[in-house]
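Chemist: Pasting data_37.txt below, which is compact mmCIF, C-alpha atoms and all ligand atoms.
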# COMPACT_ATOMS: atom_id res chain seq x y z
CA MET A 1 120.19 75.90 110.46
CA THR A 2 118.38 72.74 109.38
CA ASN A 3 115.10 73.24 107.55
CA PRO A 4 112.49 70.85 109.02
CA ASP A 5 110.50 71.02 105.75
CA VAL A 6 113.40 69.14 104.17
CA THR A 7 114.39 66.74 106.95
CA ARG A 8 110.84 65.72 107.98
CA CYS A 9 110.34 62.01 107.37
CA PRO A 10 107.35 59.90 108.48
CA HIS A 11 109.58 56.95 109.48
CA GLU A 12 106.82 54.90 111.09
CA VAL A 13 104.36 55.24 108.23
CA LEU A 14 106.99 54.39 105.64
CA LEU A 15 108.28 51.44 107.65
CA ALA A 16 104.74 50.14 108.07
CA ALA A 17 104.32 50.42 104.31
CA THR A 18 107.51 48.39 103.72
CA GLU A 19 105.96 45.57 105.78
CA GLN A 20 102.93 45.48 103.50
CA PHE A 21 104.26 46.28 100.05
CA PRO A 22 107.27 45.39 97.92
CA THR A 23 109.86 48.09 97.33
CA PRO A 24 110.57 50.33 95.57
CA PHE A 25 107.47 52.48 95.89
CA PHE A 26 106.35 56.08 96.14
CA LEU A 27 104.21 57.15 99.08
CA TYR A 28 102.35 60.47 99.20
CA GLU A 29 100.58 62.10 102.15
CA GLU A 30 97.07 63.40 101.48
CA ASP A 31 97.12 65.76 104.49
CA GLN A 32 100.26 67.46 103.30
CA ILE A 33 98.84 67.99 99.78
CA ARG A 34 95.57 69.39 101.13
CA ASP A 35 97.43 71.64 103.54
CA HIS A 36 99.48 73.15 100.71
CA CYS A 37 96.41 73.70 98.51
CA GLN A 38 94.62 75.32 101.45
CA GLN A 39 97.59 77.56 102.20
CA ILE A 40 97.57 78.83 98.61
CA GLN A 41 93.83 79.45 98.69
CA ALA A 42 93.99 81.21 102.08
CA LEU A 43 96.84 83.48 101.05
CA PHE A 44 95.78 84.46 97.52
CA LYS A 45 91.97 84.27 97.43
CA PRO A 46 91.32 87.22 99.79
CA LEU A 47 93.84 89.35 97.89
CA PHE A 48 92.84 88.66 94.29
CA PRO A 49 89.19 88.77 93.17
CA GLY A 50 88.46 85.80 90.91
CA PHE A 51 91.74 84.10 91.92
CA SER A 52 92.13 81.03 89.68
CA PRO A 53 94.71 78.48 90.85
CA LEU A 54 95.67 75.62 88.54
CA PHE A 55 97.82 72.62 89.44
CA ALA A 56 100.56 71.75 86.94
CA MET A 57 99.50 68.16 86.53
CA LYS A 58 102.78 67.16 84.91
CA ALA A 59 104.22 67.28 88.45
CA THR A 60 102.09 64.40 89.78
CA PRO A 61 99.69 63.03 87.17
CA ASN A 62 97.97 60.44 89.32
CA THR A 63 94.19 60.75 89.14
CA HIS A 64 93.77 60.03 92.89
CA ILE A 65 96.04 62.95 93.71
CA LEU A 66 94.51 65.14 91.02
CA LYS A 67 91.06 64.55 92.53
CA ILE A 68 92.29 65.71 95.95
CA ILE A 69 93.72 68.89 94.45
CA GLN A 70 90.55 69.44 92.43
CA GLU A 71 88.48 69.12 95.62
CA GLU A 72 90.60 71.96 97.03
CA GLY A 73 89.39 74.21 94.22
CA PHE A 74 92.21 73.92 91.68
CA GLY A 75 91.89 73.62 87.91
CA PHE A 76 94.70 71.99 85.94
CA ASP A 77 97.58 73.29 83.88
CA CYS A 78 97.87 70.80 81.00
CA SER A 79 101.02 70.38 78.95
CA SER A 80 99.81 67.80 76.46
CA GLN A 81 96.85 66.29 74.71
CA SER A 82 96.59 63.53 77.29
CA GLU A 83 96.67 65.97 80.20
CA ALA A 84 93.86 67.96 78.53
CA TRP A 85 91.98 64.67 78.13
CA MET A 86 92.55 63.79 81.79
CA THR A 87 91.19 67.21 82.81
CA GLU A 88 88.02 66.52 80.84
CA GLN A 89 87.71 63.00 82.28
CA LEU A 90 87.91 64.44 85.80
CA ASP A 91 85.31 67.04 84.87
CA ASN A 92 87.68 69.84 85.79
CA TRP A 93 88.78 72.89 83.83
CA GLY A 94 92.18 74.32 83.00
CA MET A 95 94.58 75.87 80.57
CA HIS A 96 96.63 74.03 77.97
CA THR A 97 100.20 75.24 77.49
CA SER A 98 102.26 73.16 75.11
CA ASN A 99 105.16 74.09 72.88
CA TYR A 100 105.94 73.23 69.24
CA THR A 101 102.40 71.83 69.20
CA THR A 102 101.08 69.43 66.57
CA ASP A 103 97.89 70.09 64.61
CA GLU A 104 96.38 66.98 66.14
CA GLU A 105 96.95 68.32 69.66
CA LEU A 106 95.62 71.77 68.79
CA LYS A 107 92.51 70.21 67.30
CA VAL A 108 91.86 68.10 70.39
CA VAL A 109 92.25 71.10 72.70
CA LEU A 110 90.06 73.30 70.49
CA GLU A 111 87.32 70.67 70.72
CA ASN A 112 87.69 70.48 74.51
CA ASP A 113 85.51 73.20 75.98
CA LYS A 114 86.90 72.66 79.50
CA VAL A 115 90.40 73.76 78.59
CA LEU A 116 91.55 77.25 77.61
CA LEU A 117 94.16 77.46 74.88
CA ASN A 118 97.48 79.17 75.58
CA LEU A 119 99.74 79.45 72.51
CA ASP A 120 103.51 79.39 72.72
CA ASP A 121 104.24 80.82 69.27
CA ILE A 122 102.75 83.31 66.83
CA SER A 123 103.10 80.90 63.88
CA LEU A 124 100.45 78.64 65.41
CA LEU A 125 97.82 81.29 64.68
CA ASP A 126 97.94 80.38 60.99
CA ARG A 127 96.98 76.83 61.95
CA LEU A 128 93.93 78.09 63.83
CA GLU A 129 92.54 79.45 60.57
CA ASP A 130 92.11 75.84 59.44
CA LEU A 131 91.56 74.14 62.77
CA GLY A 132 89.10 76.56 64.35
CA VAL A 133 89.23 79.89 66.16
CA PRO A 134 88.48 79.76 69.88
CA ASP A 135 86.44 82.41 71.63
CA PHE A 136 89.22 82.78 74.26
CA LEU A 137 92.95 82.74 73.65
CA SER A 138 96.03 83.39 75.71
CA PHE A 139 99.69 83.65 74.75
CA ARG A 140 102.68 82.40 76.72
CA ILE A 141 105.02 85.38 76.68
CA ASN A 142 108.76 85.03 77.16
CA PRO A 143 109.41 88.35 78.88
CA GLY A 144 113.17 88.02 78.54
CA ILE A 145 113.83 87.40 82.23
CA THR A 146 114.38 84.11 84.00
CA LYS A 147 115.22 82.53 87.31
CA GLY A 148 115.25 78.91 88.42
CA GLY A 149 116.64 76.37 90.84
CA MET A 150 119.26 75.25 88.31
CA LYS A 151 120.21 75.90 84.69
CA SER A 152 117.81 73.36 83.22
CA LEU A 153 114.95 74.99 85.12
CA LEU A 154 115.39 78.37 83.39
CA PHE A 155 112.44 78.80 81.00
CA GLY A 156 112.76 82.47 80.00
CA GLY A 157 115.33 84.59 78.20
CA ASP A 158 116.88 84.21 74.76
CA ASP A 159 118.10 80.61 75.11
CA ALA A 160 114.73 79.30 76.25
CA LYS A 161 112.64 77.49 73.64
CA TYR A 162 109.43 78.75 75.23
CA GLY A 163 107.05 81.59 74.66
CA VAL A 164 106.35 84.50 72.35
CA PRO A 165 109.18 87.07 72.62
CA HIS A 166 107.73 90.18 74.24
CA GLU A 167 108.47 92.27 71.11
CA GLN A 168 106.06 90.00 69.16
CA ALA A 169 103.22 90.33 71.67
CA VAL A 170 101.30 93.11 69.88
CA GLU A 171 101.55 91.30 66.55
CA ALA A 172 100.33 88.06 68.13
CA TYR A 173 97.26 89.62 69.77
CA ARG A 174 96.52 91.73 66.66
CA LYS A 175 96.51 88.62 64.50
CA ALA A 176 94.31 86.80 67.00
CA GLN A 177 91.84 89.70 67.03
CA ALA A 178 91.77 89.65 63.24
CA LEU A 179 90.98 85.93 63.32
CA GLY A 180 87.96 86.67 65.50
CA VAL A 181 89.16 85.85 69.02
CA LYS A 182 87.01 87.80 71.49
CA ARG A 183 88.43 87.13 74.97
CA PHE A 184 92.07 87.19 75.99
CA GLY A 185 94.53 86.10 78.62
CA ILE A 186 98.26 86.44 79.07
CA HIS A 187 100.63 83.85 80.50
CA THR A 188 104.26 83.34 81.33
CA MET A 189 106.40 80.69 82.99
CA THR A 190 109.98 81.78 83.26
CA GLY A 191 111.52 79.21 85.58
CA SER A 192 111.00 76.49 88.12
CA ASN A 193 111.98 76.09 91.78
CA VAL A 194 112.47 79.81 92.38
CA LEU A 195 113.16 80.64 96.02
CA ASP A 196 113.34 84.43 95.57
CA GLU A 197 110.18 85.94 97.10
CA ASN A 198 110.40 89.11 94.99
CA TYR A 199 110.79 87.42 91.63
CA PHE A 200 107.10 86.61 91.08
CA SER A 201 106.05 90.25 91.40
CA GLU A 202 108.77 91.16 88.91
CA VAL A 203 107.24 88.68 86.49
CA ALA A 204 103.78 90.17 87.12
CA THR A 205 105.15 93.66 86.46
CA ARG A 206 106.47 92.54 83.05
CA LEU A 207 103.05 91.15 82.13
CA TRP A 208 101.30 94.34 83.25
CA GLU A 209 103.70 96.38 81.09
CA ILE A 210 102.78 94.25 78.09
CA TYR A 211 99.10 94.50 79.02
CA ALA A 212 99.34 98.31 78.97
CA ILE A 213 100.79 98.19 75.44
CA LEU A 214 98.12 95.73 74.26
CA GLN A 215 95.41 97.99 75.65
CA LYS A 216 96.89 101.11 74.05
CA GLU A 217 97.54 99.55 70.64
CA LEU A 218 94.64 97.13 70.36
CA GLY A 219 92.13 98.07 73.08
CA ILE A 220 92.46 94.63 74.64
CA GLU A 221 91.11 93.96 78.11
CA LEU A 222 92.67 90.87 79.65
CA GLU A 223 90.47 88.39 81.48
CA TYR A 224 93.30 86.32 83.03
CA MET A 225 96.89 87.02 83.92
CA ASN A 226 98.67 83.71 84.50
CA ILE A 227 102.08 84.23 86.10
CA GLY A 228 102.89 80.49 85.89
CA GLY A 229 104.20 78.18 88.57
CA GLY A 230 107.78 77.91 89.70
CA PHE A 231 107.26 78.48 93.44
CA GLY A 232 110.34 76.83 94.89
CA VAL A 233 110.73 74.32 97.67
CA ALA A 234 113.83 73.74 99.77
CA TYR A 235 115.60 70.53 98.78
CA LYS A 236 118.73 71.00 100.89
CA PRO A 237 118.56 71.12 104.71
CA GLU A 238 120.37 74.46 104.76
CA GLU A 239 117.98 76.10 102.25
CA PRO A 240 115.17 78.31 103.59
CA SER A 241 111.62 77.62 102.43
CA LEU A 242 109.88 80.13 100.19
CA ASP A 243 107.66 82.48 102.20
CA LEU A 244 104.46 82.35 100.17
CA THR A 245 102.82 85.08 102.25
CA LYS A 246 105.50 87.48 101.07
CA VAL A 247 105.06 86.26 97.49
CA ALA A 248 101.30 86.88 97.54
CA GLN A 249 101.69 90.29 99.15
CA ALA A 250 104.38 91.38 96.68
CA ILE A 251 102.20 90.37 93.72
CA ARG A 252 99.25 92.27 95.27
CA LYS A 253 101.45 95.36 95.59
CA THR A 254 102.39 95.07 91.92
CA PHE A 255 98.74 94.69 90.90
CA ASP A 256 97.83 97.81 92.95
CA GLU A 257 100.69 99.87 91.57
CA GLN A 258 100.15 98.81 87.99
CA SER A 259 96.39 99.23 87.96
CA ALA A 260 96.83 102.73 89.47
CA LYS A 261 99.54 103.59 86.95
CA THR A 262 97.78 102.24 83.85
CA GLY A 263 94.13 102.70 84.84
CA LEU A 264 93.45 99.23 83.46
CA ALA A 265 90.85 96.80 84.78
CA GLU A 266 92.51 94.10 86.86
CA PRO A 267 92.61 90.66 85.22
CA LYS A 268 91.97 87.57 87.32
CA LEU A 269 95.23 86.23 88.73
CA MET A 270 95.95 82.68 87.65
CA ILE A 271 98.87 80.63 88.96
CA GLU A 272 99.92 77.10 88.03
CA PRO A 273 102.29 75.64 90.61
CA GLY A 274 103.21 71.96 90.62
CA ARG A 275 106.21 71.49 92.90
CA TRP A 276 104.99 73.70 95.76
CA VAL A 277 101.74 71.74 96.02
CA THR A 278 102.99 68.15 96.10
CA CYS A 279 106.79 67.97 96.33
CA ASP A 280 107.33 67.46 100.04
CA SER A 281 104.33 65.13 100.34
CA GLY A 282 106.12 62.34 98.45
CA PHE A 283 108.86 59.86 99.35
CA LEU A 284 110.52 57.20 97.22
CA VAL A 285 111.35 54.17 99.36
CA GLY A 286 113.95 51.60 98.34
CA ARG A 287 115.50 48.61 100.10
CA VAL A 288 119.23 48.28 100.52
CA ASN A 289 120.23 45.42 98.30
CA VAL A 290 124.02 45.35 98.07
CA ILE A 291 126.71 47.27 99.94
CA LYS A 292 129.96 47.59 98.05
CA ASP A 293 133.14 48.66 99.81
CA GLY A 294 134.92 50.03 96.76
CA TYR A 295 136.92 53.22 96.34
CA LYS A 296 133.94 54.62 98.14
CA LYS A 297 131.12 52.94 100.02
CA PHE A 298 128.27 52.35 97.55
CA ILE A 299 124.85 51.59 98.99
CA GLY A 300 122.89 49.79 96.28
CA LEU A 301 119.11 50.24 96.46
CA ASP A 302 116.37 48.50 94.53
CA ALA A 303 115.19 52.01 93.52
CA ASN A 304 116.88 53.48 90.47
CA CYS A 305 117.04 56.64 88.45
CA ASN A 306 114.35 55.23 86.17
CA HIS A 307 111.95 55.60 89.12
CA MET A 308 113.06 59.12 90.02
CA PRO A 309 115.40 60.66 87.48
CA ARG A 310 115.98 64.18 88.90
CA PRO A 311 119.47 63.52 90.31
CA SER A 312 120.52 61.74 87.10
CA ILE A 313 119.15 64.46 84.78
CA TYR A 314 119.86 67.62 86.70
CA GLY A 315 122.30 66.54 89.40
CA ALA A 316 119.45 67.54 91.72
CA TYR A 317 119.98 67.15 95.46
CA HIS A 318 117.42 65.04 97.34
CA HIS A 319 117.64 64.55 101.08
CA ALA A 320 117.58 60.91 102.26
CA SER A 321 116.73 59.11 105.49
CA VAL A 322 117.47 55.58 106.62
CA LEU A 323 114.15 54.41 108.00
CA GLY A 324 114.16 53.81 111.73
CA LYS A 325 117.64 55.30 112.11
CA ASP A 326 117.81 58.87 113.24
CA ALA A 327 120.89 60.71 111.99
CA GLU A 328 121.14 62.59 115.30
CA ASP A 329 121.41 59.42 117.43
CA SER A 330 123.70 57.40 115.25
CA SER A 331 127.28 57.51 114.11
CA LEU A 332 127.46 58.56 110.50
CA GLU A 333 129.37 57.36 107.48
CA LYS A 334 129.86 58.87 104.06
CA VAL A 335 128.24 56.87 101.28
CA ASN A 336 127.00 57.07 97.71
CA LEU A 337 123.37 55.97 97.33
CA VAL A 338 123.02 54.22 93.99
CA GLY A 339 120.55 52.27 91.86
CA ARG A 340 121.02 49.29 89.52
CA ILE A 341 121.03 50.99 86.14
CA CYS A 342 124.04 50.89 83.79
CA GLU A 343 124.61 54.63 83.94
CA ASN A 344 126.99 56.15 86.41
CA ASN A 345 124.57 59.02 86.96
CA ASP A 346 122.20 56.50 88.56
CA GLN A 347 123.20 57.87 91.98
CA PHE A 348 120.76 59.51 94.37
CA ALA A 349 123.51 60.92 96.57
CA HIS A 350 127.27 61.33 96.54
CA ASP A 351 129.43 61.38 99.70
CA ARG A 352 126.30 61.74 101.83
CA GLU A 353 126.65 61.35 105.60
CA LEU A 354 124.04 58.82 106.72
CA PRO A 355 123.58 56.55 109.74
CA LEU A 356 125.37 53.19 109.40
CA ILE A 357 123.47 51.17 106.82
CA GLU A 358 123.02 47.40 106.54
CA VAL A 359 121.60 45.23 103.78
CA GLY A 360 117.84 45.06 104.31
CA ASP A 361 117.52 48.61 105.61
CA PHE A 362 115.08 50.92 103.85
CA VAL A 363 116.03 54.34 102.53
CA ALA A 364 113.53 57.13 101.87
CA ILE A 365 114.38 59.76 99.29
CA HIS A 366 112.63 63.01 100.25
CA ASN A 367 110.83 65.58 98.09
CA CYS A 368 109.64 63.01 95.57
CA GLY A 369 106.07 64.27 95.27
CA ALA A 370 106.59 66.41 92.17
CA HIS A 371 108.40 65.96 88.85
CA ALA A 372 109.62 62.64 90.26
CA PHE A 373 107.53 59.56 89.38
CA SER A 374 106.23 61.50 86.38
CA MET A 375 109.72 61.86 84.92
CA GLY A 376 110.36 58.12 85.24
CA HIS A 377 111.29 55.83 82.35
CA ASN A 378 112.08 52.23 81.47
CA TYR A 379 115.79 52.38 80.66
CA ASN A 380 117.56 49.04 81.20
CA GLY A 381 114.17 47.33 81.06
CA GLN A 382 113.29 48.58 84.52
CA PRO A 383 109.55 48.79 85.22
CA ARG A 384 108.15 51.83 87.00
CA SER A 385 107.13 51.36 90.63
CA ALA A 386 103.81 51.45 92.45
CA GLU A 387 102.42 54.60 94.10
CA TYR A 388 100.62 54.67 97.46
CA LEU A 389 98.71 57.35 99.28
CA GLN A 390 98.47 57.77 103.03
CA THR A 391 94.91 59.06 103.18
CA SER A 392 93.70 61.62 105.73
CA SER A 393 92.16 58.75 107.71
CA GLY A 394 95.60 57.18 108.06
CA ASP A 395 95.04 54.23 105.69
CA ILE A 396 97.53 53.44 103.00
CA GLN A 397 95.84 53.05 99.64
CA LYS A 398 97.42 51.79 96.43
CA ILE A 399 96.95 54.48 93.78
CA ARG A 400 99.02 52.96 90.98
CA HIS A 401 100.12 49.39 90.28
CA ALA A 402 103.78 48.73 89.68
CA GLU A 403 104.48 48.18 85.99
CA THR A 404 105.16 44.57 84.99
CA ILE A 405 107.60 43.33 82.37
CA GLU A 406 104.55 42.43 80.27
CA ASP A 407 103.34 46.05 80.53
CA MET A 408 106.62 47.24 79.09
CA PHE A 409 106.38 44.93 76.09
CA ARG A 410 102.68 45.49 75.47
CA THR A 411 103.35 48.17 72.88
CA VAL A 412 105.90 46.22 70.85
CA ALA A 413 104.34 45.65 67.40
C1 LIG B 501 104.15 75.79 81.68
C2 LIG B 501 104.45 75.29 83.04
N1 LIG B 501 103.64 75.66 84.05
C3 LIG B 501 103.83 75.22 85.31
C4 LIG B 501 104.89 74.39 85.62
C5 LIG B 501 105.06 73.94 87.03
O1 LIG B 501 106.26 74.35 87.57
P1 LIG B 501 106.55 74.15 89.11
O2 LIG B 501 106.37 72.71 89.41
O3 LIG B 501 107.95 74.61 89.26
O4 LIG B 501 105.59 74.98 89.87
C6 LIG B 501 105.80 74.00 84.62
C7 LIG B 501 106.92 73.13 84.92
O5 LIG B 501 107.68 72.66 84.13
C8 LIG B 501 105.56 74.48 83.29
O6 LIG B 501 106.36 74.13 82.29
Could you write out this structure as structure tokens?

Modeler:
Amino acid sequence: MTNPDVTRCPHEVLLAATEQFPTPFFLYEEDQIRDHCQQIQALFKPLFPGFSPLFAMKATPNTHILKIIQEEGFGFDCSSQSEAWMTEQLDNWGMHTSNYTTDEELKVVLENDKVLLNLDDISLLDRLEDLGVPDFLSFRINPGITKGGMKSLLFGGDDAKYGVPHEQAVEAYRKAQALGVKRFGIHTMTGSNVLDENYFSEVATRLWEIYAILQKELGIELEYMNIGGGFGVAYKPEEPSLDLTKVAQAIRKTFDEQSAKTGLAEPKLMIEPGRWVTCDSGFLVGRVNVIKDGYKKFIGLDANCNHMPRPSIYGAYHHASVLGKDAEDSSLEKVNLVGRICENNDQFAHDRELPLIEVGDFVAIHNCGAHAFSMGHNYNGQPRSAEYLQTSSGDIQKIRHAETIEDMFRTVA
């Protein structure tokens, strides 16, 4: 079975964009982003009083896109000082979750009254004595379980650098209480791109178990329970999409069971997805530049792994379409889709069956709306590309200029 969420490609819109703008570029669809935000709100809000969705802005940190998501009622999950700053600039609110944090960053977040602080390690509490004690504090707990789309997306368990081990939770909250913290939350993020509908309720159960211990030992009542992001999307045509209705219902069941079992007041559910909100709204479009008939057929694009590094870093699969050529109507050939960077992992696809390609064709790489542009870099002196948005009115709006060579050298002292 072919998953239409993966194979969907707005050929006409992308081709029209290639007539107006130089490649490579990213194009995002506003309607798709709004639809995903609205689906989350519609599924969770009626089930969880005080439901507090955040968007993990590291996925797509473009202010035009962030504003759309903010309009849909999302706060922001910030992973750095600059993301906390961006949240303040946009007059939004959120939670800051960093790791191995510097004093400078802690100080900036403590001074930012829009952003709640979520600490990743107990040792950082000593720093708060000097830097300032917030009224509210949360801890990122590593509950010892993990699941993710691939090994590098596993964020929990004993080999993960993240979070307070669950055995240290009581000590962490006790110390925070002693420092004078008054209001508390609890957070976890154990993996990304999880397609198992039951996993998120398992994570919530672990947090409730810790909550019960915190209440018994320290009398703590939690204001927020943040179960993180990690809601998976299908990247491969044969993968099923995550059924978010089932996810929401399973978490509700856990909340009901745990509040009945422990007698504790229910904290507000917070989630912080990135990928699920924006991933399938974004396409990276490149032009076919050179076709090499070597040991294999290599299709050389003007888009590289510096624009969208996921395949080069993780070996991640991304579906691809040749614009204007439908795979179903055309004879296919097996090709490798490659960029121009001097790294052999600069390949978007290996042995992929695609319609016959000619120089000058345009190729769209799917699922490039999250953790894609934002992971880009300048290796080989390659500037990052422009970003465009197809707005709900159908216009295509530039939302980021392409980097120039001068931009790249601007910081050289
Ligand atoms: C702390 C934290 N929250 C949320 C996210 C978003 O994850 P996803 O895009 O899989 O939803 C990440 C991703 O790395 C993360 O590290």

Chemist: If you count all atoms listed in the file, which residues end up within 6 Å of ligand LIG 501 (chain B), as a list of chain:residue names?

Modeler: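 My answer, listing the contacting residues, is A:Ala56, A:Ala59, A:Thr97, A:Met189, A:Ser192, A:Asn193, A:Gly228, A:Gly229, A:Gly230, A:Phe231, A:Glu272, A:Pro273, A:Gly274, A:Arg275.
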
Chemist: May I ask which of the residues A:Leu214, A:His366, A:Pro61, A:Glu105 is the closest one to Glu171 of chain A, counting all atoms listed in the file?

Modeler: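 Nearest candidate to Glu171 of chain A out of A:Leu214, A:His366, A:Pro61, A:Glu105: A:Leu214.
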
Chemist: Considering only C-alpha atoms, can you say which of A:Glu167, A:Glu29, A:Asp293, A:Asp121 comes closest to Arg140 of chain A?

Modeler: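 Smallest separation from Arg140 of chain A among the options: A:Asp121.
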
Chemist: Using all atoms of segment 325-331 of chain A listed in the file and a margin of 8 Å per side, can you give the axis-aligned box centre and edge lengths in Å to one decimal, as lines of an AutoDock Vina configuration file?

Modeler:
center_x = 122.5
center_y = 58.9
center_z = 114.7
size_x = 25.6
size_y = 23.3
size_z = 21.4

Chemist: Of the residues A:Phe44, A:Trp208, A:Phe298, A:Tyr388, which is the one nearest to Pro22 of chain A, using all atoms listed in the file?

Modeler: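 Smallest distance to Pro22 of chain A is found for A:Tyr388.
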
Chemist: Please provide as a list in words all residues within 10 Å of segment 343-347 of chain A, with the sequence filter that same-chain residues fewer than 3 positions apart are discarded (counting only C-alpha atoms).

Modeler: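 Contacts, in chain order: Phe298, Ile299, Gly300, Leu301, Ala303, Asn304, Cys305, Asn306, Met308, Pro309, Arg310, Pro311, Ser312, Ile313, Tyr314, Gly315, Asn336, Leu337, Val338, Gly339, Arg340, His350, Tyr379 and Asn380 of chain A.
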
Chemist: For Glu72 of chain A, find every residue with an atom within 8 Å (counting only C-alpha atoms), except residues of its own chain fewer than 5 positions away, and show them as a PyMOL selection string.

Modeler: chain A and resi 34+37-38

Chemist: Identify, on the basis of all atoms listed in the file, every residue whose closest approach to Glu333 of chain A does not exceed 12 Å; exclude the query and any residue fewer than 2 positions from it along the same chain; express the result as a ChimeraX atom specification.

Modeler: /A:296-299,327,330-331,335-337,350-358

Chemist: Atoms to include: C-alpha atoms. Write the selected residues as a PDB file, keeping the file's coordinate frame.

Modeler:
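Final output, selection-v2.pdb:
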ATOM      1  CA  LYS A 296     133.940  54.620  98.140  1.00  0.00           C
ATOM      2  CA  LYS A 297     131.120  52.940 100.020  1.00  0.00           C
ATOM      3  CA  PHE A 298     128.270  52.350  97.550  1.00  0.00           C
ATOM      4  CA  ILE A 299     124.850  51.590  98.990  1.00  0.00           C
ATOM      5  CA  ALA A 327     120.890  60.710 111.990  1.00  0.00           C
ATOM      6  CA  SER A 330     123.700  57.400 115.250  1.00  0.00           C
ATOM      7  CA  SER A 331     127.280  57.510 114.110  1.00  0.00           C
ATOM      8  CA  VAL A 335     128.240  56.870 101.280  1.00  0.00           C
ATOM      9  CA  ASN A 336     127.000  57.070  97.710  1.00  0.00           C
ATOM     10  CA  LEU A 337     123.370  55.970  97.330  1.00  0.00           C
ATOM     11  CA  HIS A 350     127.270  61.330  96.540  1.00  0.00           C
ATOM     12  CA  ASP A 351     129.430  61.380  99.700  1.00  0.00           C
ATOM     13  CA  ARG A 352     126.300  61.740 101.830  1.00  0.00           C
ATOM     14  CA  GLU A 353     126.650  61.350 105.600  1.00  0.00           C
ATOM     15  CA  LEU A 354     124.040  58.820 106.720  1.00  0.00           C
ATOM     16  CA  PRO A 355     123.580  56.550 109.740  1.00  0.00           C
ATOM     17  CA  LEU A 356     125.370  53.190 109.400  1.00  0.00           C
ATOM     18  CA  ILE A 357     123.470  51.170 106.820  1.00  0.00           C
ATOM     19  CA  GLU A 358     123.020  47.400 106.540  1.00  0.00           C
TER      20      GLU A 358
END

Chemist: So which one's closest to Thr18 of chain A, A:Val359, A:Ala320, A:Val285, A:Ala370? Using only C-alpha atoms, please.

Modeler: A:Val285

Chemist: Contacts of Thr391 of chain A at 10 Å or less, counting only C-alpha atoms, minus same-chain residues fewer than 2 places along, as a PyMOL selection string?

Modeler: chain A and resi 28-32+388-389+393-397

Chemist: I need the residue nearest Glu197 of chain A from this list: A:Leu222, A:Ala42, A:Leu244, A:Ala176. Use only C-alpha atoms for the distance.

Modeler: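 Of A:Leu222, A:Ala42, A:Leu244, A:Ala176, the one nearest Glu197 of chain A, counting only C-alpha atoms, is A:Leu244.
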
Chemist: From the list A:Ile271, A:His377, A:Val194, A:Leu106, which residue is nearest Asp77 of chain A when using all atoms listed in the file?

Modeler: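 Answer, going by the shortest atom-to-atom distance: A:Ile271.
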
Chemist: Do you know which residues are at most 8 Å from segment 259-262 of chain A counting only C-alpha atoms, after dropping those on the same chain fewer than 4 positions away, and could you put them as an mmCIF file with C-alpha atoms, in the frame of the given file?

Modeler:
data_model
loop_
_atom_site.group_PDB
_atom_site.id
_atom_site.type_symbol
_atom_site.label_atom_id
_atom_site.label_comp_id
_atom_site.auth_asym_id
_atom_site.auth_seq_id
_atom_site.Cartn_x
_atom_site.Cartn_y
_atom_site.Cartn_z
ATOM 1 C CA ALA A 212 99.340 98.310 78.970
ATOM 2 C CA PHE A 255 98.740 94.690 90.900
ATOM 3 C CA GLU A 266 92.510 94.100 86.860
#

Chemist: Do you have the atom CA of Met225 of chain A-atom CA of Pro267 of chain A distance handy?

Modeler: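 Separation between atom CA of Met225 of chain A and atom CA of Pro267 of chain A: 5.8 Å.
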
Chemist: Would you kindly identify which residues have an atom no farther than 8 Å from (101.0, 55.5, 94.0), using all atoms listed in the file and the file's own coordinates, and write them out as JSON, numbers by chain?

Modeler: {"A": [25, 26, 27, 28, 62, 386, 387, 388, 389, 398, 399, 400, 401]}

Chemist: Between atom CA of Asp159 of chain A and atom CA of Glu209 of chain A, measure the distance and give it in Å to one decimal.

Modeler: 22.2 Å

Chemist: Between atom CA of Met57 of chain A and atom CA of Ser374 of chain A, what is the spacing in Å?

Modeler: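 Distance between the two atoms: 9.5 Å.
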